[in-house]
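Asks: Below is the file my_file-v2.cif, with mmCIF, C-alpha atoms.
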data_input
#
loop_
_atom_site.group_PDB
_atom_site.id
_atom_site.type_symbol
_atom_site.label_atom_id
_atom_site.label_comp_id
_atom_site.auth_asym_id
_atom_site.auth_seq_id
_atom_site.Cartn_x
_atom_site.Cartn_y
_atom_site.Cartn_z
ATOM 1 C CA MET C 1 -191.882 -73.101 65.993
ATOM 2 C CA VAL C 2 -190.397 -74.467 62.803
ATOM 3 C CA TYR C 3 -191.947 -73.832 59.400
ATOM 4 C CA PRO C 4 -192.806 -77.156 57.648
ATOM 5 C CA LEU C 5 -191.778 -75.882 54.220
ATOM 6 C CA VAL C 6 -188.123 -75.676 55.228
ATOM 7 C CA LEU C 7 -187.966 -78.759 57.461
ATOM 8 C CA ILE C 8 -186.067 -80.975 55.003
ATOM 9 C CA GLY C 9 -183.544 -78.315 54.141
ATOM 10 C CA VAL C 10 -182.339 -77.895 57.759
ATOM 11 C CA LEU C 11 -182.418 -81.497 58.921
ATOM 12 C CA VAL C 12 -178.640 -81.938 58.954
ATOM 13 C CA PHE C 13 -178.068 -78.543 60.596
ATOM 14 C CA ALA C 14 -180.446 -79.364 63.444
ATOM 15 C CA ALA C 15 -178.837 -82.731 64.156
ATOM 16 C CA VAL C 16 -175.382 -81.240 64.781
ATOM 17 C CA THR C 17 -175.840 -78.345 67.193
ATOM 18 C CA LEU C 18 -177.946 -79.884 70.002
ATOM 19 C CA LYS C 19 -177.058 -82.978 72.035
ATOM 20 C CA THR C 20 -179.201 -85.178 74.237
ATOM 21 C CA LEU C 21 -179.845 -88.880 74.841
ATOM 22 C CA HIS C 22 -181.533 -91.254 72.402
ATOM 23 C CA HIS C 23 -183.732 -93.434 74.622
ATOM 24 C CA VAL C 24 -184.244 -92.551 78.300
ATOM 25 C CA THR C 25 -186.018 -94.735 80.849
ATOM 26 C CA THR C 26 -187.428 -93.932 84.290
ATOM 27 C CA ALA C 27 -189.789 -95.335 86.925
ATOM 28 C CA GLU C 28 -193.496 -94.574 87.310
ATOM 29 C CA GLY C 29 -194.131 -92.022 90.039
ATOM 30 C CA GLY C 30 -190.512 -90.905 89.963
ATOM 31 C CA ARG C 31 -188.643 -87.862 88.765
ATOM 32 C CA ILE C 32 -186.109 -87.559 85.959
ATOM 33 C CA THR C 33 -183.961 -84.701 84.707
ATOM 34 C CA ILE C 34 -182.888 -84.703 81.058
ATOM 35 C CA PRO C 35 -180.060 -82.374 79.953
ATOM 36 C CA CYS C 36 -179.994 -80.762 76.510
ATOM 37 C CA LEU C 37 -176.599 -79.390 75.453
ATOM 38 C CA TYR C 38 -176.469 -76.520 72.968
ATOM 39 C CA ASP C 39 -173.969 -74.494 70.964
ATOM 40 C CA ASN C 40 -172.428 -71.361 72.482
ATOM 41 C CA ARG C 41 -174.328 -69.125 70.030
ATOM 42 C CA TYR C 42 -177.647 -70.199 71.624
ATOM 43 C CA LYS C 43 -176.934 -68.848 75.119
ATOM 44 C CA LEU C 44 -179.552 -66.104 74.873
ATOM 45 C CA ASN C 45 -182.148 -67.949 72.766
ATOM 46 C CA PRO C 46 -185.378 -69.140 74.415
ATOM 47 C CA LYS C 47 -185.500 -72.895 75.061
ATOM 48 C CA TYR C 48 -188.522 -75.202 74.971
ATOM 49 C CA TRP C 49 -189.637 -78.849 75.127
ATOM 50 C CA CYS C 50 -191.904 -80.366 72.506
ATOM 51 C CA GLN C 51 -193.826 -83.677 72.463
ATOM 52 C CA GLY C 52 -194.655 -85.681 69.349
ATOM 53 C CA ASN C 53 -193.358 -88.249 66.864
ATOM 54 C CA MET C 54 -192.923 -85.656 64.102
ATOM 55 C CA TRP C 55 -191.266 -82.296 64.626
ATOM 56 C CA GLU C 56 -193.702 -80.297 62.524
ATOM 57 C CA LEU C 57 -196.650 -81.654 64.549
ATOM 58 C CA CYS C 58 -195.181 -81.701 68.068
ATOM 59 C CA GLN C 59 -196.890 -79.909 70.969
ATOM 60 C CA ILE C 60 -194.927 -77.576 73.247
ATOM 61 C CA THR C 61 -195.200 -78.858 76.835
ATOM 62 C CA ALA C 62 -192.743 -76.473 78.530
ATOM 63 C CA ARG C 63 -191.075 -73.191 77.640
ATOM 64 C CA GLY C 64 -188.562 -70.863 79.292
ATOM 65 C CA ASN C 65 -188.532 -71.291 83.072
ATOM 66 C CA ASP C 66 -191.991 -72.893 83.245
ATOM 67 C CA THR C 67 -192.765 -74.936 86.336
ATOM 68 C CA GLY C 68 -195.283 -77.754 86.452
ATOM 69 C CA LYS C 69 -195.204 -81.368 85.360
ATOM 70 C CA TRP C 70 -192.379 -80.409 83.007
ATOM 71 C CA THR C 71 -189.856 -77.817 84.171
ATOM 72 C CA ILE C 72 -187.166 -76.166 82.032
ATOM 73 C CA THR C 73 -184.089 -74.595 83.628
ATOM 74 C CA ASP C 74 -181.425 -72.923 81.489
ATOM 75 C CA TYR C 75 -177.726 -72.792 82.437
ATOM 76 C CA PRO C 76 -176.228 -70.459 79.795
ATOM 77 C CA ALA C 77 -172.870 -70.291 81.581
ATOM 78 C CA HIS C 78 -172.484 -74.011 80.909
ATOM 79 C CA ASN C 79 -174.314 -74.232 77.551
ATOM 80 C CA PHE C 80 -177.105 -76.590 78.550
ATOM 81 C CA PHE C 81 -180.671 -76.594 79.788
ATOM 82 C CA THR C 82 -182.496 -79.289 81.710
ATOM 83 C CA VAL C 83 -186.030 -80.606 81.421
ATOM 84 C CA GLU C 84 -187.387 -82.189 84.591
ATOM 85 C CA LEU C 85 -190.392 -84.497 84.706
ATOM 86 C CA SER C 86 -192.067 -85.028 88.078
ATOM 87 C CA ASN C 87 -194.480 -87.827 88.967
ATOM 88 C CA ALA C 88 -193.758 -89.718 85.750
ATOM 89 C CA MET C 89 -196.592 -91.862 84.343
ATOM 90 C CA SER C 90 -196.634 -94.547 81.667
ATOM 91 C CA SER C 91 -198.718 -92.175 79.529
ATOM 92 C CA ASP C 92 -195.712 -89.801 79.470
ATOM 93 C CA SER C 93 -193.804 -92.311 77.317
ATOM 94 C CA GLY C 94 -193.129 -91.143 73.780
ATOM 95 C CA TYR C 95 -191.015 -88.914 71.561
ATOM 96 C CA TYR C 96 -189.836 -85.488 72.744
ATOM 97 C CA TRP C 97 -187.659 -82.715 71.371
ATOM 98 C CA CYS C 98 -185.094 -80.427 73.003
ATOM 99 C CA ALA C 99 -185.533 -77.168 71.088
ATOM 100 C CA VAL C 100 -183.988 -73.708 70.770
ATOM 101 C CA GLU C 101 -186.170 -70.892 69.444
ATOM 102 C CA ILE C 102 -184.751 -69.026 66.467
ATOM 103 C CA GLY C 103 -187.922 -68.433 64.520
ATOM 104 C CA SER C 104 -187.449 -67.434 60.914
ATOM 105 C CA ARG C 105 -188.018 -69.163 57.586
ATOM 106 C CA ALA C 106 -184.372 -68.709 56.660
ATOM 107 C CA ASN C 107 -183.095 -70.008 60.012
ATOM 108 C CA PRO C 108 -185.691 -72.299 61.689
ATOM 109 C CA ASP C 109 -185.709 -73.470 65.296
ATOM 110 C CA ASP C 110 -183.003 -75.969 66.164
ATOM 111 C CA ARG C 111 -183.948 -79.281 67.846
ATOM 112 C CA LYS C 112 -182.931 -82.812 68.810
ATOM 113 C CA SER C 113 -185.278 -85.727 69.518
ATOM 114 C CA LEU C 114 -185.276 -88.493 72.116
ATOM 115 C CA TYR C 115 -187.629 -91.254 73.258
ATOM 116 C CA LEU C 116 -188.780 -91.555 76.868
ATOM 117 C CA THR C 117 -190.005 -94.843 78.355
ATOM 118 C CA VAL C 118 -191.753 -94.787 81.755
ATOM 119 C CA GLN C 119 -192.033 -98.224 83.376
ATOM 120 C CA GLN C 120 -193.109 -99.592 86.726
ATOM 121 C CA ALA C 121 -189.744 -101.375 86.906
ATOM 122 C CA PRO C 122 -187.316 -99.659 84.481
ATOM 123 C CA ASP C 123 -185.016 -101.862 82.421
ATOM 124 C CA VAL C 124 -182.145 -99.516 83.307
ATOM 125 C CA SER C 125 -181.911 -97.328 86.421
ATOM 126 C CA VAL C 126 -179.641 -95.720 89.029
ATOM 127 C CA VAL C 127 -180.164 -95.148 92.750
ATOM 128 C CA ASN C 128 -179.018 -91.520 92.647
ATOM 129 C CA SER C 129 -179.176 -89.354 89.543
ATOM 130 C CA SER C 130 -176.948 -86.746 91.191
ATOM 131 C CA VAL C 131 -173.567 -87.518 92.792
ATOM 132 C CA SER C 132 -170.816 -85.297 94.190
ATOM 133 C CA GLY C 133 -167.192 -85.599 95.230
ATOM 134 C CA HIS C 134 -164.125 -83.554 96.121
ATOM 135 C CA GLU C 135 -161.192 -82.750 93.881
ATOM 136 C CA GLY C 136 -158.716 -85.620 94.045
ATOM 137 C CA GLY C 137 -161.302 -87.945 95.564
ATOM 138 C CA ASP C 138 -163.416 -90.822 94.256
ATOM 139 C CA ILE C 139 -167.069 -91.442 93.406
ATOM 140 C CA SER C 140 -168.947 -94.582 92.465
ATOM 141 C CA VAL C 141 -172.234 -95.047 90.636
ATOM 142 C CA GLN C 142 -174.206 -98.293 90.453
ATOM 143 C CA CYS C 143 -176.220 -98.831 87.289
ATOM 144 C CA PHE C 144 -178.981 -101.473 87.382
ATOM 145 C CA TYR C 145 -180.450 -103.407 84.473
ATOM 146 C CA SER C 146 -183.145 -106.049 83.995
ATOM 147 C CA SER C 147 -182.408 -109.683 83.093
ATOM 148 C CA GLY C 148 -183.324 -109.026 79.462
ATOM 149 C CA TYR C 149 -180.331 -106.675 79.221
ATOM 150 C CA GLN C 150 -177.807 -109.055 80.797
ATOM 151 C CA ASN C 151 -175.905 -109.560 77.536
ATOM 152 C CA LYS C 152 -176.171 -105.994 76.223
ATOM 153 C CA VAL C 153 -173.188 -103.654 76.016
ATOM 154 C CA LYS C 154 -172.814 -101.685 79.250
ATOM 155 C CA GLN C 155 -171.130 -98.274 79.267
ATOM 156 C CA TRP C 156 -170.547 -95.118 81.275
ATOM 157 C CA CYS C 157 -170.536 -92.080 78.985
ATOM 158 C CA ARG C 158 -169.973 -88.360 79.234
ATOM 159 C CA TYR C 159 -172.464 -86.044 77.544
ATOM 160 C CA LYS C 160 -170.061 -83.297 76.592
ATOM 161 C CA ASP C 161 -167.837 -85.275 74.240
ATOM 162 C CA GLN C 162 -169.856 -88.514 74.026
ATOM 163 C CA SER C 163 -166.809 -90.479 75.279
ATOM 164 C CA CYS C 164 -167.798 -93.896 76.662
ATOM 165 C CA TYR C 165 -166.092 -96.454 78.884
ATOM 166 C CA THR C 166 -167.239 -100.042 78.615
ATOM 167 C CA VAL C 167 -167.498 -102.588 81.425
ATOM 168 C CA GLY C 168 -164.137 -104.169 82.158
ATOM 169 C CA ARG C 169 -162.080 -101.312 80.736
ATOM 170 C CA THR C 170 -159.960 -98.902 82.788
ATOM 171 C CA ASN C 171 -159.249 -95.482 81.300
ATOM 172 C CA THR C 172 -156.142 -93.734 82.624
ATOM 173 C CA SER C 173 -155.423 -91.345 79.760
ATOM 174 C CA GLN C 174 -156.413 -88.420 81.991
ATOM 175 C CA ASN C 175 -155.511 -87.511 85.586
ATOM 176 C CA SER C 176 -158.715 -89.183 86.743
ATOM 177 C CA SER C 177 -159.477 -92.782 85.824
ATOM 178 C CA VAL C 178 -162.721 -94.617 85.100
ATOM 179 C CA GLN C 179 -163.266 -98.272 85.939
ATOM 180 C CA ASN C 180 -166.392 -100.231 85.011
ATOM 181 C CA SER C 181 -167.007 -103.633 86.565
ATOM 182 C CA ASP C 182 -169.976 -105.974 86.121
ATOM 183 C CA ASN C 183 -171.285 -107.292 89.430
ATOM 184 C CA ASP C 184 -171.149 -111.001 88.551
ATOM 185 C CA GLY C 185 -174.446 -111.145 86.713
ATOM 186 C CA LYS C 186 -176.413 -109.630 89.614
ATOM 187 C CA GLY C 187 -178.195 -107.127 87.396
ATOM 188 C CA SER C 188 -175.904 -104.145 87.917
ATOM 189 C CA PHE C 189 -172.505 -102.721 87.097
ATOM 190 C CA THR C 190 -170.441 -100.258 89.090
ATOM 191 C CA VAL C 191 -168.594 -97.194 87.796
ATOM 192 C CA LEU C 192 -165.631 -95.954 89.844
ATOM 193 C CA MET C 193 -164.054 -92.586 89.042
ATOM 194 C CA THR C 194 -160.825 -91.868 90.932
ATOM 195 C CA GLY C 195 -158.568 -88.822 91.129
ATOM 196 C CA LEU C 196 -161.453 -86.458 90.396
ATOM 197 C CA ARG C 197 -160.762 -83.098 88.766
ATOM 198 C CA LEU C 198 -162.958 -80.003 88.767
ATOM 199 C CA THR C 199 -163.317 -80.391 85.005
ATOM 200 C CA ASP C 200 -164.937 -83.806 85.536
ATOM 201 C CA SER C 201 -168.108 -82.017 86.680
ATOM 202 C CA GLY C 202 -170.976 -82.377 84.250
ATOM 203 C CA TRP C 203 -173.536 -84.802 82.876
ATOM 204 C CA TYR C 204 -172.910 -88.502 82.319
ATOM 205 C CA PHE C 205 -175.153 -91.462 81.603
ATOM 206 C CA CYS C 206 -175.370 -95.177 82.264
ATOM 207 C CA SER C 207 -175.935 -96.952 78.953
ATOM 208 C CA VAL C 208 -177.124 -100.549 78.587
ATOM 209 C CA GLY C 209 -178.004 -101.620 75.066
ATOM 210 C CA ASP C 210 -180.184 -98.861 73.595
ATOM 211 C CA LEU C 211 -181.285 -97.400 76.965
ATOM 212 C CA GLN C 212 -179.707 -94.553 78.929
ATOM 213 C CA VAL C 213 -180.162 -92.939 82.339
ATOM 214 C CA PRO C 214 -178.598 -89.489 82.999
ATOM 215 C CA VAL C 215 -176.428 -88.791 86.061
ATOM 216 C CA GLN C 216 -175.058 -85.400 87.097
ATOM 217 C CA LEU C 217 -171.601 -85.257 88.697
ATOM 218 C CA THR C 218 -170.466 -82.261 90.749
ATOM 219 C CA VAL C 219 -166.810 -82.025 91.790
ATOM 220 C CA THR C 220 -166.005 -79.396 94.420
ATOM 221 C CA GLU C 221 -162.679 -77.880 95.345
ATOM 222 C CA THR C 222 -161.067 -79.195 98.530
ATOM 223 C CA LYS C 223 -160.287 -76.195 100.743
ATOM 224 C CA PRO C 224 -157.030 -76.394 102.734
ATOM 225 C CA GLU C 225 -158.725 -75.184 105.934
ATOM 226 C CA MET C 226 -161.109 -78.136 105.750
ATOM 227 C CA MET C 227 -158.272 -80.696 105.701
ATOM 228 C CA ILE C 228 -157.307 -82.116 109.092
ATOM 229 C CA THR C 229 -154.145 -84.229 109.113
ATOM 230 C CA GLN C 230 -153.311 -87.008 111.508
ATOM 231 C CA ALA C 231 -150.571 -84.819 113.033
ATOM 232 C CA ASP C 232 -153.138 -82.065 113.730
ATOM 233 C CA THR C 233 -155.397 -84.582 115.458
ATOM 234 C CA GLU C 234 -152.578 -85.978 117.617
ATOM 235 C CA GLU C 235 -151.499 -82.475 118.639
ATOM 236 C CA ASN C 236 -155.064 -81.552 119.645
ATOM 237 C CA ILE C 237 -155.257 -84.663 121.816
ATOM 238 C CA LEU C 238 -151.941 -83.748 123.464
ATOM 239 C CA HIS C 239 -153.224 -80.248 124.277
ATOM 240 C CA VAL C 240 -156.335 -81.706 125.902
ATOM 241 C CA GLU C 241 -154.252 -84.138 127.985
ATOM 242 C CA ARG C 242 -151.986 -81.302 129.181
ATOM 243 C CA PHE C 243 -155.011 -79.180 130.087
ATOM 244 C CA CYS C 244 -156.538 -81.999 132.090
ATOM 245 C CA LEU C 245 -153.255 -82.630 133.976
ATOM 246 C CA SER C 246 -152.971 -78.924 134.822
ATOM 247 C CA GLN C 247 -156.400 -79.005 136.439
ATOM 248 C CA ASN C 248 -155.436 -81.846 138.809
#
Show this structure as structure tokens.
Replies:
Amino acid sequence: MVYPLVLIGVLVFAAVTLKTLHHVTTAEGGRITIPCLYDNRYKLNPKYWCQGNMWELCQITARGNDTGKWTITDYPAHNFFTVELSNAMSSDSGYYWCAVEIGSRANPDDRKSLYLTVQQAPDVSVVNSSVSGHEGGDISVQCFYSSGYQNKVKQWCRYKDQSCYTVGRTNTSQNSSVQNSDNDGKGSFTVLMTGLRLTDSGWYFCSVGDLQVPVQLTVTETKPEMMITQADTEENILHVERFCLSQN
């Protein structure tokens, strides 16, 4: 844990090296996974999850690869760890901290805070928090929001570089493109990513106003042996027809 005497002196340092969301929302009784991105130098450091408004008074609720209500899983090859909450309750709402254990007065533990809101009907939500697609293909994600957020800014953002795409804008600066379209005031907007690349894999989030919901995207390589062309299909049909004629 951090030493209170040096808290002020490392405040700027701590805010730069870890990344997570600012205000996450989820449904009561549901499950949510929150990613915490860290600097390459922290690959081997223990990770933990702390609850409380103030860092120096927060209570550790999960550490290492703990399993329970809160579960931490580290992915050092990709420089992030996830914290998963199962069976979320309204009493779970509050401030939390992604944290990396360093543990010395000269170099205190690094951390980044976020606020979690658990609601019976979340103001912002997604149907699936994990989506997958093939290289060169497309994926779509529908982000829902309550009527009170109708006029708020709506975005689709990537964790890694914090790049965001707003509703109505098409981004074609890369091989893949991102299109956001509001669904005519029906309480949702749709994100379409086309021309997927393997490097598009990672964590994203739907953002409406000050609320965010994380979504994990996995892009897999399309193997040549799995691709069946129309010509292949027509030739197979021809072989079957010839076989049938030979049996008559």
Asks: Pick the closest to C:Lys152 from C:Val208, C:Asp138, C:Arg111, C:Leu192: which is it, counting all atoms listed in the file?
Replies: C:Val208
Asks: Between C:Ser113, C:Gln155, C:Asn128, C:Thr33, which has the minimum distance to C:Cys50 (counting all atoms listed in the file)?
Replies: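 Checking each of C:Ser113, C:Gln155, C:Asn128, C:Thr33 against C:Cys50, counting all atoms listed in the file, the winner is C:Ser113.
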Asks: Name the residues that the PyMOL selection byres ((chain C and resi 79-96) around 9) pulls out of this structure, and write them as a PyMOL selection string.
Replies: chain C and resi 25-40+42-43+47-55+58+62+68-78+97-98+112-120
Asks: Residues picked by the PyMOL selection byres ((chain C and resi 22) around 8) here, as a PyMOL selection string?
Replies: chain C and resi 20-21+23-24+113-115+210-212
Asks: What is the distance, in Å and to one decimal place, between atom CA of C:His134 and atom CA of C:Thr199?
Replies: 11.6 Å
